[in-house]
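Asks: First, the structure itself, so that you have it in front of you.
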Amino acid sequence: MDSITQIALGSAVGYAVLGNKVGKKAALYGAILGTLPDLDVFVSFGGPVEDFTYHRSFSHSFLVQLLISPLIAWLLIKLHPATKIHKVGWFWLVFLTLSTHALLDSFTVYGTQLLWPLTEYPFGISNLFIIDPLYTLPLLVGLFAFLWPKVSHQRLHRINTMALTLSSIYIVWSLIAKWHIDNKIDVALKDNGLEKGVYESTPAPFTTLLWRAVVVNDDKYYEIFTSVFDSPSQVSIDTYPTSPELLENITEEWSVQRLKWFTKGLYSVNIVDDSVVLSDLRMGIEGSYVFSFEVGKVNGTKIVTSDNEQFENQPDLRQAGKLWDRIWDANVSLSPTARAE
């Protein structure tokens, strides 16, 4: 999730754990710790593919967070020796702030390596978009309350409890919405005689009322949009080509294997100019995928390895205004470049 959300969540969790003992300091350190796991974006892991696939690894691991929490708690007690009596509370503040950051990230489609180094599997439930104002808004109200000097502890506690409750209810709603959407898409695919193949659904930007799903089947993939208000017959299914055979000569390359694994099979392969481009279909929209990498070059009749540079795909912001319209109107198209099957 975005940094503002993580700061707001961290402050809320910190205050919930220790606010009644150390006051607003709990919210302050919760906010700071809420941003700590994402500092791994400033670490170079050796290349574009490495940076892409090692993000949310060690810094988001419950195991690493459990081991580092006593040290951070000790440092906080050194800064505030009068709170030494609450050393157990400081530990739980640190660990719960860090672990709820990682847990929230696992609700997005990107994936979070929660059990690194035991496994590098990127857990991703995919029930929230990386920015969702309706999830963040209650937490922001709580954050602003902490910054307001004249709010009493009793009122802060009530506001904070309400903020955490509302944001948690929203997560429950998003899981219910995802279940509803997946069932609806299952029916739509069967009605259209299409196999489900490798599949994932995720909320559209900024909302859980509109969802985007991707199905990959051999040499084609389907981009699917549907609103929670659609009937199965109104689900939008657009077909696009993919050429996985382009990877045959470079399939043993680490970068290719890593991307195929990290995307969980939800990728496309196409030639752009003389580059073989592998795109993560989970993040973005057709024609504007956030993570696309040059994994090979066309050299005569052969495909050879390349330096795995990331392609810059600028989204068409004119499409953003259609998201709201598509929630209510199934005739609004969000995939103008679709090819009929």
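Labels for the structure tokens follow display order: chains A, B, ..., residues from 1 in each chain, ligands from 1.
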Quick one: residues within 10 Å of range 127-140 of chain A, only C-alpha atoms, excluding same-chain residues fewer than 3 positions away - as a compact mmCIF listing (two decimals) with C-alpha atoms, in the first residue's frame?
Replies:
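Once everything was written out, this is out17.txt:
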```
# COMPACT_ATOMS: atom_id res chain seq x y z
CA MET A 1 0.00 0.00 0.00
CA ASP A 2 1.01 3.64 -0.35
CA SER A 3 3.20 5.35 2.27
CA ILE A 4 0.47 7.65 3.60
CA THR A 5 -1.74 4.67 4.36
CA GLN A 6 1.10 2.82 6.07
CA ILE A 7 1.96 5.87 8.19
CA ALA A 8 -1.68 6.26 9.23
CA LEU A 9 -2.04 2.54 9.99
CA GLY A 10 1.22 2.49 11.93
CA SER A 11 0.17 5.42 14.11
CA ALA A 12 -3.21 3.79 14.80
CA VAL A 13 -1.68 0.43 15.73
CA LEU A 104 -1.68 -5.04 4.58
CA ASP A 105 0.73 -5.25 1.65
CA SER A 106 -0.20 -8.90 1.22
CA PHE A 107 -3.77 -7.79 0.48
CA THR A 108 -2.53 -6.32 -2.81
CA VAL A 109 -1.77 -8.26 -5.99
CA TYR A 110 1.99 -7.59 -6.03
CA GLY A 124 -0.91 -11.82 -2.36
CA LEU A 143 -3.82 10.60 12.30
CA PHE A 144 -5.08 14.19 12.16
CA ALA A 145 -6.58 13.73 15.64
CA PHE A 146 -3.14 12.80 16.97
CA ILE A 159 -11.40 7.93 17.44
CA ASN A 160 -8.54 5.47 17.04
CA THR A 161 -10.72 2.48 17.88
CA MET A 162 -13.35 3.62 15.41
CA ALA A 163 -10.71 4.20 12.69
CA LEU A 164 -9.26 0.71 13.08
CA THR A 165 -12.73 -0.82 13.21
CA LEU A 166 -13.95 0.92 10.04
CA SER A 167 -10.79 0.14 8.08
CA SER A 168 -10.99 -3.51 9.16
CA ILE A 169 -14.65 -3.70 8.14
CA TYR A 170 -13.64 -2.35 4.74
CA ILE A 171 -11.09 -5.17 4.36
CA VAL A 172 -13.83 -7.70 5.17
CA TRP A 173 -16.06 -6.05 2.55
CA SER A 174 -13.27 -6.26 -0.04
CA LEU A 175 -12.89 -10.00 0.58
CA ILE A 176 -16.64 -10.50 0.17
CA ALA A 177 -16.58 -8.40 -3.02
CA LYS A 178 -13.70 -10.47 -4.40
CA TRP A 179 -15.59 -13.71 -3.73
CA SER A 201 -8.73 -10.75 -9.99
CA THR A 202 -7.87 -7.42 -8.41
CA PRO A 203 -9.73 -4.20 -7.64
CA ALA A 204 -9.51 -1.40 -10.16
CA PRO A 205 -7.66 1.75 -9.03
CA PHE A 206 -9.12 3.46 -5.96
CA THR A 207 -12.23 1.30 -5.59
CA THR A 208 -13.60 -2.13 -4.76
CA TRP A 211 -12.62 -5.19 -10.62
CA MET A 283 -0.60 -4.52 -12.54
```
Asks: How would you write, as a PDB file with C-alpha atoms, in the first residue's frame, the set of residues in range 56-214 of chain A that DSSP gives as alpha helix (DSSP H)?
Replies:
```pdb
ATOM      1  CA  PHE A  62       7.318 -11.706   9.838  1.00  0.00           C
ATOM      2  CA  LEU A  63      10.366 -13.713  10.927  1.00  0.00           C
ATOM      3  CA  VAL A  64      12.820 -10.835  10.411  1.00  0.00           C
ATOM      4  CA  GLN A  65      10.408  -8.409  12.053  1.00  0.00           C
ATOM      5  CA  LEU A  66      10.069 -10.715  15.061  1.00  0.00           C
ATOM      6  CA  LEU A  67      13.862 -10.859  15.438  1.00  0.00           C
ATOM      7  CA  ILE A  68      14.473  -7.136  15.012  1.00  0.00           C
ATOM      8  CA  SER A  69      11.601  -5.921  17.203  1.00  0.00           C
ATOM      9  CA  PRO A  70      13.422  -6.424  20.572  1.00  0.00           C
ATOM     10  CA  LEU A  71      16.346  -4.334  19.307  1.00  0.00           C
ATOM     11  CA  ILE A  72      14.136  -1.475  18.140  1.00  0.00           C
ATOM     12  CA  ALA A  73      12.165  -1.641  21.389  1.00  0.00           C
ATOM     13  CA  TRP A  74      15.436  -1.428  23.345  1.00  0.00           C
ATOM     14  CA  LEU A  75      16.446   1.667  21.366  1.00  0.00           C
ATOM     15  CA  LEU A  76      13.101   3.325  22.080  1.00  0.00           C
ATOM     16  CA  ILE A  77      13.494   2.636  25.784  1.00  0.00           C
ATOM     17  CA  LYS A  78      16.973   4.197  25.640  1.00  0.00           C
ATOM     18  CA  LEU A  79      15.381   7.321  24.162  1.00  0.00           C
ATOM     19  CA  LYS A  87       9.316  -2.760  27.701  1.00  0.00           C
ATOM     20  CA  VAL A  88       6.937  -5.590  26.788  1.00  0.00           C
ATOM     21  CA  GLY A  89       4.475  -3.034  25.415  1.00  0.00           C
ATOM     22  CA  TRP A  90       7.231  -1.421  23.335  1.00  0.00           C
ATOM     23  CA  PHE A  91       8.079  -4.801  21.837  1.00  0.00           C
ATOM     24  CA  TRP A  92       4.466  -5.401  20.842  1.00  0.00           C
ATOM     25  CA  LEU A  93       4.157  -1.884  19.462  1.00  0.00           C
ATOM     26  CA  VAL A  94       7.189  -2.424  17.231  1.00  0.00           C
ATOM     27  CA  PHE A  95       6.285  -5.920  16.079  1.00  0.00           C
ATOM     28  CA  LEU A  96       2.604  -5.246  15.461  1.00  0.00           C
ATOM     29  CA  THR A  97       3.333  -2.031  13.591  1.00  0.00           C
ATOM     30  CA  LEU A  98       5.834  -3.757  11.302  1.00  0.00           C
ATOM     31  CA  SER A  99       3.783  -6.913  10.821  1.00  0.00           C
ATOM     32  CA  THR A 100       0.512  -5.099  10.057  1.00  0.00           C
ATOM     33  CA  HIS A 101       2.411  -3.166   7.379  1.00  0.00           C
ATOM     34  CA  ALA A 102       3.464  -6.451   5.769  1.00  0.00           C
ATOM     35  CA  LEU A 103       0.031  -8.004   6.232  1.00  0.00           C
ATOM     36  CA  LEU A 104      -1.685  -5.038   4.585  1.00  0.00           C
ATOM     37  CA  ASP A 105       0.732  -5.252   1.653  1.00  0.00           C
ATOM     38  CA  PRO A 133      -9.117   6.131  -0.270  1.00  0.00           C
ATOM     39  CA  LEU A 134     -12.027   4.393   1.454  1.00  0.00           C
ATOM     40  CA  TYR A 135      -9.619   2.185   3.410  1.00  0.00           C
ATOM     41  CA  THR A 136      -7.266   5.049   4.239  1.00  0.00           C
ATOM     42  CA  LEU A 137      -9.778   7.785   5.130  1.00  0.00           C
ATOM     43  CA  PRO A 138     -10.746   6.536   8.632  1.00  0.00           C
ATOM     44  CA  LEU A 139      -7.065   6.074   9.506  1.00  0.00           C
ATOM     45  CA  LEU A 140      -6.272   9.589   8.272  1.00  0.00           C
ATOM     46  CA  VAL A 141      -8.962  11.017  10.550  1.00  0.00           C
ATOM     47  CA  GLY A 142      -7.205   9.301  13.435  1.00  0.00           C
ATOM     48  CA  LEU A 143      -3.819  10.599  12.296  1.00  0.00           C
ATOM     49  CA  PHE A 144      -5.084  14.185  12.158  1.00  0.00           C
ATOM     50  CA  ALA A 145      -6.582  13.729  15.638  1.00  0.00           C
ATOM     51  CA  PHE A 146      -3.137  12.798  16.974  1.00  0.00           C
ATOM     52  CA  LEU A 147      -1.739  16.010  15.472  1.00  0.00           C
ATOM     53  CA  HIS A 153      -6.737  10.853  25.524  1.00  0.00           C
ATOM     54  CA  GLN A 154     -10.247   9.472  25.972  1.00  0.00           C
ATOM     55  CA  ARG A 155     -11.400  11.033  22.708  1.00  0.00           C
ATOM     56  CA  LEU A 156      -8.232   9.927  20.901  1.00  0.00           C
ATOM     57  CA  HIS A 157      -8.834   6.384  22.074  1.00  0.00           C
ATOM     58  CA  ARG A 158     -12.418   6.411  20.776  1.00  0.00           C
ATOM     59  CA  ILE A 159     -11.398   7.933  17.439  1.00  0.00           C
ATOM     60  CA  ASN A 160      -8.542   5.471  17.043  1.00  0.00           C
ATOM     61  CA  THR A 161     -10.717   2.479  17.885  1.00  0.00           C
ATOM     62  CA  MET A 162     -13.348   3.624  15.407  1.00  0.00           C
ATOM     63  CA  ALA A 163     -10.713   4.204  12.691  1.00  0.00           C
ATOM     64  CA  LEU A 164      -9.256   0.712  13.077  1.00  0.00           C
ATOM     65  CA  THR A 165     -12.729  -0.816  13.210  1.00  0.00           C
ATOM     66  CA  LEU A 166     -13.950   0.919  10.038  1.00  0.00           C
ATOM     67  CA  SER A 167     -10.793   0.143   8.078  1.00  0.00           C
ATOM     68  CA  SER A 168     -10.992  -3.514   9.159  1.00  0.00           C
ATOM     69  CA  ILE A 169     -14.653  -3.704   8.135  1.00  0.00           C
ATOM     70  CA  TYR A 170     -13.636  -2.348   4.736  1.00  0.00           C
ATOM     71  CA  ILE A 171     -11.093  -5.167   4.356  1.00  0.00           C
ATOM     72  CA  VAL A 172     -13.829  -7.695   5.170  1.00  0.00           C
ATOM     73  CA  TRP A 173     -16.057  -6.051   2.550  1.00  0.00           C
ATOM     74  CA  SER A 174     -13.272  -6.261  -0.043  1.00  0.00           C
ATOM     75  CA  LEU A 175     -12.892  -9.998   0.583  1.00  0.00           C
ATOM     76  CA  ILE A 176     -16.635 -10.501   0.171  1.00  0.00           C
ATOM     77  CA  ALA A 177     -16.583  -8.404  -3.019  1.00  0.00           C
ATOM     78  CA  LYS A 178     -13.698 -10.475  -4.402  1.00  0.00           C
ATOM     79  CA  TRP A 179     -15.590 -13.713  -3.725  1.00  0.00           C
ATOM     80  CA  HIS A 180     -18.650 -12.257  -5.464  1.00  0.00           C
ATOM     81  CA  ILE A 181     -16.596 -11.077  -8.467  1.00  0.00           C
ATOM     82  CA  ASP A 182     -14.754 -14.387  -8.860  1.00  0.00           C
ATOM     83  CA  ASN A 183     -18.013 -16.319  -8.881  1.00  0.00           C
ATOM     84  CA  LYS A 184     -19.506 -13.950 -11.441  1.00  0.00           C
ATOM     85  CA  ILE A 185     -16.472 -14.226 -13.716  1.00  0.00           C
ATOM     86  CA  ASP A 186     -16.560 -18.030 -13.452  1.00  0.00           C
ATOM     87  CA  VAL A 187     -20.098 -17.971 -14.812  1.00  0.00           C
ATOM     88  CA  ALA A 188     -19.200 -15.466 -17.548  1.00  0.00           C
ATOM     89  CA  LEU A 189     -16.239 -17.554 -18.742  1.00  0.00           C
ATOM     90  CA  LYS A 190     -18.331 -20.723 -18.872  1.00  0.00           C
ATOM     91  CA  ASP A 191     -21.128 -18.916 -20.708  1.00  0.00           C
TER      92      ASP A 191
END
```
Asks: Enter the distance from CA of Val215 in chain A to CA of Asp280 in chain A, in Å, rounded to one decimal.
Replies: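 Answer for the CA of Val215 in chain A to CA of Asp280 in chain A separation: 12.3 Å.
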Asks: Just want the 7 Å neighbourhood of Pro48 in chain A, counted on only C-alpha atoms, with same-chain residues fewer than 2 positions away dropped. Output as a list in words.
Replies: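 Near Pro48 in chain A, the qualifying residues are Glu50, Asp51, Phe52, Asn308, Glu309 and Gln310 of chain A.
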Asks: Could you list, with a cut-off of 9 Å and counting only C-alpha atoms, the residues of range 67-136 of chain A near range 254-272 of chain A, each shown with its nearest atom pair and the distance in Å rounded to one decimal, rows sorted by chain and ascending number, as a Markdown table?
Replies:
```
| residue | atom | partner | partner_atom | distance |
| --- | --- | --- | --- | --- |
| A:Tyr110 | CA | A:Thr263 | CA | 8.3 |
| A:Gly111 | CA | A:Phe262 | CA | 8.5 |
| A:Tyr121 | CA | A:Phe262 | CA | 8.0 |
| A:Pro122 | CA | A:Phe262 | CA | 7.2 |
```
Asks: For Leu194 in chain A, which of A:Val216, A:Val22, A:Leu115, A:Ile125 is the closest residue, counting only C-alpha atoms?
Replies: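 Smallest distance to Leu194 in chain A is found for A:Val216.
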Asks: If you count only C-alpha atoms, which residues fall within 12 Å of Asp238 in chain A, apart from same-chain ones fewer than 2 positions away, as JSON, numbers by chain?
Replies: {"A": [189, 192, 194, 212, 213, 214, 215, 216, 220, 221, 222, 223, 224, 225, 226, 235, 236, 240, 241, 285, 286, 333, 334, 335, 336, 337, 338, 339, 340, 341]}
Asks: Go ahead and write the residues just picked, C-alpha atoms, as a tab-separated table (two decimals), in the first residue's frame.
Replies:
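In the end it all went to selection_34.tsv:
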```tsv
chain	number	residue	atom	x	y	z
A	189	LEU	CA	-16.24	-17.55	-18.74
A	192	ASN	CA	-18.59	-17.78	-23.32
A	194	LEU	CA	-13.64	-20.05	-22.25
A	212	ARG	CA	-10.14	-6.25	-13.26
A	213	ALA	CA	-9.19	-9.88	-13.85
A	214	VAL	CA	-6.72	-11.64	-16.13
A	215	VAL	CA	-6.86	-15.16	-17.55
A	216	VAL	CA	-3.85	-16.61	-19.38
A	220	LYS	CA	-3.83	-15.69	-25.61
A	221	TYR	CA	-4.98	-13.93	-22.50
A	222	TYR	CA	-8.20	-12.26	-21.49
A	223	GLU	CA	-8.55	-8.92	-19.76
A	224	ILE	CA	-11.80	-8.80	-17.84
A	225	PHE	CA	-13.64	-5.90	-16.24
A	226	THR	CA	-16.74	-6.17	-14.14
A	235	VAL	CA	-18.85	-8.91	-17.77
A	236	SER	CA	-16.41	-7.39	-20.29
A	240	TYR	CA	-5.10	-10.38	-26.63
A	241	PRO	CA	-2.27	-12.46	-28.11
A	285	ILE	CA	-4.13	-2.19	-18.04
A	286	GLU	CA	-3.62	-3.42	-21.60
A	333	SER	CA	-15.03	0.10	-22.64
A	334	LEU	CA	-11.74	0.24	-20.74
A	335	SER	CA	-9.83	-1.85	-23.31
A	336	PRO	CA	-10.00	0.08	-26.59
A	337	THR	CA	-7.21	-1.96	-28.22
A	338	ALA	CA	-8.88	-5.32	-27.74
A	339	ARG	CA	-8.89	-7.80	-30.58
A	340	ALA	CA	-12.00	-9.84	-31.17
A	341	GLU	CA	-11.48	-13.59	-30.83
```
Asks: Just the strand (DSSP E or B) stuff from range 47-227 of chain A, please, per backbone DSSP, written as a list in words.
Replies: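 In range 47-227 of chain A, DSSP puts these residues in strand (DSSP E or B): Thr112, Phe123, Val198, Tyr199, Glu200, Ser201, Thr202, Pro203, Leu210, Trp211, Arg212, Ala213, Val214, Val215, Val216, Asn217, Lys220, Tyr221, Tyr222, Glu223, Ile224, Phe225, Thr226 and Ser227 of chain A.
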Asks: Using only C-alpha atoms, which protein or nucleic acid residues come within 8 Å of Lys24 in chain A? Drop anything in the same chain fewer than 4 positions from it, and give the result as JSON, numbers by chain.
Replies: {"A": [15, 19, 28, 146]}
Asks: Take the residues that were just selected and, keeping N, CA and C atoms, output them as a PDB file, in the first residue's frame.
Replies:
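Listing of out_33.pdb after writing:
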```
ATOM      1  N   TYR A  15      -0.745   3.498  18.738  1.00  0.00           N
ATOM      2  CA  TYR A  15      -1.532   4.100  19.815  1.00  0.00           C
ATOM      3  C   TYR A  15      -2.446   3.065  20.466  1.00  0.00           C
ATOM      4  N   GLY A  19      -0.803   3.544  23.670  1.00  0.00           N
ATOM      5  CA  GLY A  19      -1.208   4.933  23.862  1.00  0.00           C
ATOM      6  C   GLY A  19      -1.666   5.250  25.264  1.00  0.00           C
ATOM      7  N   LEU A  28       3.369   8.409  17.364  1.00  0.00           N
ATOM      8  CA  LEU A  28       4.513   8.935  16.608  1.00  0.00           C
ATOM      9  C   LEU A  28       5.430   7.816  16.145  1.00  0.00           C
ATOM     10  N   PHE A 146      -4.378  12.838  16.193  1.00  0.00           N
ATOM     11  CA  PHE A 146      -3.137  12.798  16.974  1.00  0.00           C
ATOM     12  C   PHE A 146      -2.370  14.119  16.864  1.00  0.00           C
TER      13      PHE A 146
END
```
Asks: Just how far from CA of Leu209 in chain A is CA of Glu312 in chain A, in Å to one decimal?
Replies: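 If I compute the distance from CA of Glu312 in chain A to CA of Leu209 in chain A, I get 28.6 Å.
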